[in-house]
Structure formats: structure tokens, C-alpha cells
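Trainee: My questions all concern the structure below.
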Amino acid sequence: MVPVVQQRLLELNRLFYATVASAFDQTRAGLPIGWQKLDAYLPLGTAMRPVSVLDAGCGNGRFALALAQIGGNYSYTGVDADATLLALATQNTADLDKRHVRFLQADLAQAGWSSRFTGETFAVVVCLAMLQHVPGYELRLRLMKELAALMASDAVLIFSNWQFL
């Protein structure tokens, strides 16, 4: 992909979420049908050992709420580029145990975002309906490699993409 086009698409995406973050949050309150079946794939953890979860492109944090509904013991980290969505995620998860929920602002389209997790790996990595916002094969490949580097050797990857047609 031509770099100038790729950068413009990334800018448009950032502007879109900066503009519609509150409305986006309001339309993302419930759990999609597919998420209601994830418990069969998720380790539950124990009281002494929570399962570490990385939510790449967490938006308003609703996957943290899904984990709370599933039950089990999770240590959740949500990462998103948009500050407004992260503020909404913090509000939306206010009733959850803050020792096990954190949100970090990082642009997943920028190389090196994963360096904030030096030495840390995750037992579950989710990347839900986010990759379509990353233009170009090489950029997507780099992002997936960064996610893979953050996965424990026996980690579960939960991944979805939009199919527009």
C-alpha cells in the first residue's frame, strides 16, 4: 500500500472514532451473540491465579464486561488509541474489580506499541472487529506479529473481522 494513502486512512479512522466515540459507546452496550459462546474456549483461572487477557482495540471495554458475565478470574488489559473510548471503558467497567482491569492508550497501528509489555505475556488475546481499521497487508502482518509475541505458549487467540458483503 502506498504509504501516504495508508497514513491518510489511519488519520481518517482516528478522526472517525474521535468524532463518534460517545455514540459508538451507546451502540455497543450489549454482548454480541458470538461472544455469548466464548466461555467454552476461555480458561477460567483460579482465586490465586487469574487468567491474563489482552484486548487489542478494546474500544469501550465491553469485552471486560463479557468476562465478568462469563465468570472465572481474569486480569484484563484493554488497549485502544482513542482517549475518549478509554474514558468510557473506565466508566463502563467501574463496578469491576480494579485490581484486575486496566486500560492503556496505544495506537496499535504504530510499530512498537507492544514494548509497553516487556516481559509480560497473556493467556488470552482478543482482537475483535478491529483489523479492518488497519490498512495494508504489511501493517496488519506487523500488528499480528506483535500480538503473537505477547501470547503465552499455550495462549488462546480470539479473533474476528467484519465481512462487509
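Chain labels follow the order of the C-alpha cells: the first chain is A, the next B, and so on; residue numbering restarts at 1 in every chain, and ligands are counted from 1 in their shown order.
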From the DSSP assignment of the backbone, select every residue of chain A that is strand (DSSP E or B), and format the answer as a PDB file with N, CA and C atoms, in the first residue's frame.
Mentor:
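Output contents, as saved in part21.pdb:
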ATOM      1  N   VAL A  51      -6.456 -15.434  34.979  1.00  0.00           N
ATOM      2  CA  VAL A  51      -6.061 -15.590  33.581  1.00  0.00           C
ATOM      3  C   VAL A  51      -5.828 -14.195  32.998  1.00  0.00           C
ATOM      4  N   SER A  52      -4.665 -13.986  32.422  1.00  0.00           N
ATOM      5  CA  SER A  52      -4.339 -12.678  31.846  1.00  0.00           C
ATOM      6  C   SER A  52      -4.932 -12.562  30.441  1.00  0.00           C
ATOM      7  N   VAL A  53      -5.644 -11.458  30.207  1.00  0.00           N
ATOM      8  CA  VAL A  53      -6.335 -11.221  28.943  1.00  0.00           C
ATOM      9  C   VAL A  53      -5.886  -9.879  28.375  1.00  0.00           C
ATOM     10  N   LEU A  54      -5.515  -9.881  27.102  1.00  0.00           N
ATOM     11  CA  LEU A  54      -5.206  -8.651  26.377  1.00  0.00           C
ATOM     12  C   LEU A  54      -6.291  -8.445  25.335  1.00  0.00           C
ATOM     13  N   ASP A  55      -6.940  -7.294  25.382  1.00  0.00           N
ATOM     14  CA  ASP A  55      -7.988  -6.925  24.433  1.00  0.00           C
ATOM     15  C   ASP A  55      -7.435  -5.822  23.531  1.00  0.00           C
ATOM     16  N   ALA A  56      -7.002  -6.208  22.324  1.00  0.00           N
ATOM     17  CA  ALA A  56      -6.380  -5.280  21.386  1.00  0.00           C
ATOM     18  C   ALA A  56      -7.465  -4.536  20.608  1.00  0.00           C
ATOM     19  N   TYR A  74     -10.182 -13.209  35.920  1.00  0.00           N
ATOM     20  CA  TYR A  74      -9.414 -12.650  34.823  1.00  0.00           C
ATOM     21  C   TYR A  74      -8.694 -11.384  35.248  1.00  0.00           C
ATOM     22  N   SER A  75      -7.506 -11.209  34.679  1.00  0.00           N
ATOM     23  CA  SER A  75      -6.763  -9.962  34.782  1.00  0.00           C
ATOM     24  C   SER A  75      -6.780  -9.366  33.375  1.00  0.00           C
ATOM     25  N   TYR A  76      -7.584  -8.335  33.199  1.00  0.00           N
ATOM     26  CA  TYR A  76      -7.904  -7.796  31.878  1.00  0.00           C
ATOM     27  C   TYR A  76      -7.109  -6.533  31.592  1.00  0.00           C
ATOM     28  N   THR A  77      -6.521  -6.477  30.404  1.00  0.00           N
ATOM     29  CA  THR A  77      -5.854  -5.269  29.913  1.00  0.00           C
ATOM     30  C   THR A  77      -6.458  -4.912  28.569  1.00  0.00           C
ATOM     31  N   GLY A  78      -7.068  -3.738  28.491  1.00  0.00           N
ATOM     32  CA  GLY A  78      -7.614  -3.242  27.240  1.00  0.00           C
ATOM     33  C   GLY A  78      -6.715  -2.164  26.674  1.00  0.00           C
ATOM     34  N   VAL A  79      -6.450  -2.237  25.375  1.00  0.00           N
ATOM     35  CA  VAL A  79      -5.587  -1.262  24.702  1.00  0.00           C
ATOM     36  C   VAL A  79      -6.358  -0.655  23.540  1.00  0.00           C
ATOM     37  N   ASP A  80      -6.345   0.665  23.464  1.00  0.00           N
ATOM     38  CA  ASP A  80      -7.001   1.359  22.366  1.00  0.00           C
ATOM     39  C   ASP A  80      -6.291   2.692  22.153  1.00  0.00           C
ATOM     40  N   VAL A 101      -8.492  -4.947  36.216  1.00  0.00           N
ATOM     41  CA  VAL A 101      -8.899  -4.266  34.986  1.00  0.00           C
ATOM     42  C   VAL A 101      -8.014  -3.042  34.810  1.00  0.00           C
ATOM     43  N   ARG A 102      -7.379  -2.949  33.649  1.00  0.00           N
ATOM     44  CA  ARG A 102      -6.603  -1.745  33.339  1.00  0.00           C
ATOM     45  C   ARG A 102      -6.773  -1.428  31.860  1.00  0.00           C
ATOM     46  N   PHE A 103      -6.653  -0.153  31.559  1.00  0.00           N
ATOM     47  CA  PHE A 103      -6.751   0.322  30.185  1.00  0.00           C
ATOM     48  C   PHE A 103      -5.513   1.147  29.871  1.00  0.00           C
ATOM     49  N   LEU A 104      -4.971   0.928  28.681  1.00  0.00           N
ATOM     50  CA  LEU A 104      -3.785   1.654  28.242  1.00  0.00           C
ATOM     51  C   LEU A 104      -4.044   2.270  26.879  1.00  0.00           C
ATOM     52  N   GLN A 105      -3.585   3.487  26.710  1.00  0.00           N
ATOM     53  CA  GLN A 105      -3.718   4.136  25.415  1.00  0.00           C
ATOM     54  C   GLN A 105      -2.479   3.854  24.586  1.00  0.00           C
ATOM     55  N   PHE A 122       0.332 -12.968  27.766  1.00  0.00           N
ATOM     56  CA  PHE A 122      -1.090 -13.093  28.063  1.00  0.00           C
ATOM     57  C   PHE A 122      -1.573 -14.491  27.704  1.00  0.00           C
ATOM     58  N   ALA A 123      -2.461 -15.020  28.532  1.00  0.00           N
ATOM     59  CA  ALA A 123      -3.034 -16.340  28.295  1.00  0.00           C
ATOM     60  C   ALA A 123      -4.159 -16.291  27.271  1.00  0.00           C
ATOM     61  N   VAL A 124      -4.777 -15.123  27.129  1.00  0.00           N
ATOM     62  CA  VAL A 124      -5.844 -14.909  26.143  1.00  0.00           C
ATOM     63  C   VAL A 124      -5.582 -13.566  25.475  1.00  0.00           C
ATOM     64  N   VAL A 125      -5.608 -13.555  24.143  1.00  0.00           N
ATOM     65  CA  VAL A 125      -5.510 -12.318  23.370  1.00  0.00           C
ATOM     66  C   VAL A 125      -6.749 -12.242  22.497  1.00  0.00           C
ATOM     67  N   VAL A 126      -7.463 -11.132  22.611  1.00  0.00           N
ATOM     68  CA  VAL A 126      -8.635 -10.922  21.765  1.00  0.00           C
ATOM     69  C   VAL A 126      -8.382  -9.727  20.861  1.00  0.00           C
ATOM     70  N   CYS A 127      -8.823  -9.873  19.628  1.00  0.00           N
ATOM     71  CA  CYS A 127      -8.726  -8.820  18.616  1.00  0.00           C
ATOM     72  C   CYS A 127     -10.042  -8.910  17.851  1.00  0.00           C
ATOM     73  N   LEU A 128     -11.028  -8.166  18.323  1.00  0.00           N
ATOM     74  CA  LEU A 128     -12.395  -8.313  17.839  1.00  0.00           C
ATOM     75  C   LEU A 128     -12.810  -7.121  16.984  1.00  0.00           C
ATOM     76  N   MET A 151       1.735 -13.368  23.361  1.00  0.00           N
ATOM     77  CA  MET A 151       0.964 -14.542  23.760  1.00  0.00           C
ATOM     78  C   MET A 151       1.838 -15.560  24.478  1.00  0.00           C
ATOM     79  N   ALA A 152       1.313 -16.103  25.570  1.00  0.00           N
ATOM     80  CA  ALA A 152       1.980 -17.217  26.240  1.00  0.00           C
ATOM     81  C   ALA A 152       1.992 -18.405  25.276  1.00  0.00           C
ATOM     82  N   SER A 153       2.846 -19.379  25.534  1.00  0.00           N
ATOM     83  CA  SER A 153       2.994 -20.505  24.604  1.00  0.00           C
ATOM     84  C   SER A 153       1.706 -21.300  24.427  1.00  0.00           C
ATOM     85  N   ASP A 154       0.851 -21.312  25.416  1.00  0.00           N
ATOM     86  CA  ASP A 154      -0.411 -22.063  25.325  1.00  0.00           C
ATOM     87  C   ASP A 154      -1.619 -21.136  25.277  1.00  0.00           C
ATOM     88  N   ALA A 155      -1.414 -19.928  24.780  1.00  0.00           N
ATOM     89  CA  ALA A 155      -2.463 -18.897  24.791  1.00  0.00           C
ATOM     90  C   ALA A 155      -3.603 -19.223  23.827  1.00  0.00           C
ATOM     91  N   VAL A 156      -4.724 -18.613  24.110  1.00  0.00           N
ATOM     92  CA  VAL A 156      -5.905 -18.678  23.255  1.00  0.00           C
ATOM     93  C   VAL A 156      -6.003 -17.344  22.525  1.00  0.00           C
ATOM     94  N   LEU A 157      -6.202 -17.403  21.205  1.00  0.00           N
ATOM     95  CA  LEU A 157      -6.425 -16.207  20.404  1.00  0.00           C
ATOM     96  C   LEU A 157      -7.885 -16.195  19.972  1.00  0.00           C
ATOM     97  N   ILE A 158      -8.570 -15.106  20.265  1.00  0.00           N
ATOM     98  CA  ILE A 158      -9.949 -14.923  19.827  1.00  0.00           C
ATOM     99  C   ILE A 158      -9.937 -13.735  18.887  1.00  0.00           C
ATOM    100  N   PHE A 159     -10.323 -13.994  17.657  1.00  0.00           N
ATOM    101  CA  PHE A 159     -10.112 -13.042  16.572  1.00  0.00           C
ATOM    102  C   PHE A 159     -11.358 -12.979  15.711  1.00  0.00           C
ATOM    103  N   SER A 160     -11.798 -11.785  15.381  1.00  0.00           N
ATOM    104  CA  SER A 160     -12.918 -11.652  14.449  1.00  0.00           C
ATOM    105  C   SER A 160     -12.681 -10.473  13.534  1.00  0.00           C
TER     106      SER A 160
END
Trainee: As number ranges by chain, please: every residue in chain A that DSSP puts in alpha helix (DSSP H).
Mentor: A: 3-26, 62-70, 83-92, 137-149
Trainee: Could you jot down the atom CA of A:Met48 to atom CA of A:Arg99 separation for me, Å, one decimal place?
Mentor: 13.2 Å
Trainee: With distances taken over only C-alpha atoms, which residue among A:Arg28, A:His133, A:Arg62, A:Lys145 lies nearest A:Arg8?
Mentor: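 Closest candidate: A:His133.
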Trainee: Can you pull out the residues contacting stretch 20-25 of chain A? Cut-off 10 Å, using only C-alpha atoms, and skip same-chain residues under 6 positions away; I want them as an MDAnalysis selection string.
Mentor: chainID A and resid 59:62 82:89 92
Trainee: Using only C-alpha atoms, which protein or nucleic acid residues come within 9 Å of A:Gln36? Drop anything in the same chain fewer than 4 positions from it, and give the result as number ranges by chain.
Mentor: A: 31-32, 66, 70
Trainee: Could you write those residues out with all heavy atoms, as an mmCIF file, in the first residue's frame?
Mentor:
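File result_8.cif, as written:
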data_model
loop_
_atom_site.group_PDB
_atom_site.id
_atom_site.type_symbol
_atom_site.label_atom_id
_atom_site.label_comp_id
_atom_site.auth_asym_id
_atom_site.auth_seq_id
_atom_site.Cartn_x
_atom_site.Cartn_y
_atom_site.Cartn_z
ATOM 1 N N LEU A 31 -23.897 -7.651 24.577
ATOM 2 C CA LEU A 31 -22.902 -8.608 24.112
ATOM 3 C C LEU A 31 -23.378 -9.255 22.818
ATOM 4 O O LEU A 31 -24.492 -9.774 22.759
ATOM 5 C CB LEU A 31 -22.671 -9.691 25.168
ATOM 6 C CG LEU A 31 -22.176 -9.211 26.525
ATOM 7 C CD1 LEU A 31 -21.942 -10.387 27.445
ATOM 8 C CD2 LEU A 31 -20.911 -8.383 26.377
ATOM 9 N N PRO A 32 -22.548 -9.237 21.776
ATOM 10 C CA PRO A 32 -22.925 -9.904 20.535
ATOM 11 C C PRO A 32 -23.182 -11.395 20.774
ATOM 12 O O PRO A 32 -22.593 -12.004 21.684
ATOM 13 C CB PRO A 32 -21.703 -9.705 19.638
ATOM 14 C CG PRO A 32 -20.974 -8.552 20.215
ATOM 15 C CD PRO A 32 -21.243 -8.594 21.683
ATOM 16 N N ALA A 66 -18.008 -8.713 29.323
ATOM 17 C CA ALA A 66 -18.326 -10.084 28.908
ATOM 18 C C ALA A 66 -17.622 -11.093 29.810
ATOM 19 O O ALA A 66 -18.216 -12.101 30.215
ATOM 20 C CB ALA A 66 -17.929 -10.299 27.450
ATOM 21 N N ILE A 70 -19.182 -14.082 32.139
ATOM 22 C CA ILE A 70 -18.781 -15.478 31.987
ATOM 23 C C ILE A 70 -18.401 -16.061 33.338
ATOM 24 O O ILE A 70 -18.666 -17.216 33.638
ATOM 25 C CB ILE A 70 -17.619 -15.603 30.982
ATOM 26 C CG1 ILE A 70 -18.133 -15.325 29.566
ATOM 27 C CG2 ILE A 70 -16.943 -16.957 31.060
ATOM 28 C CD1 ILE A 70 -17.048 -15.156 28.534
#
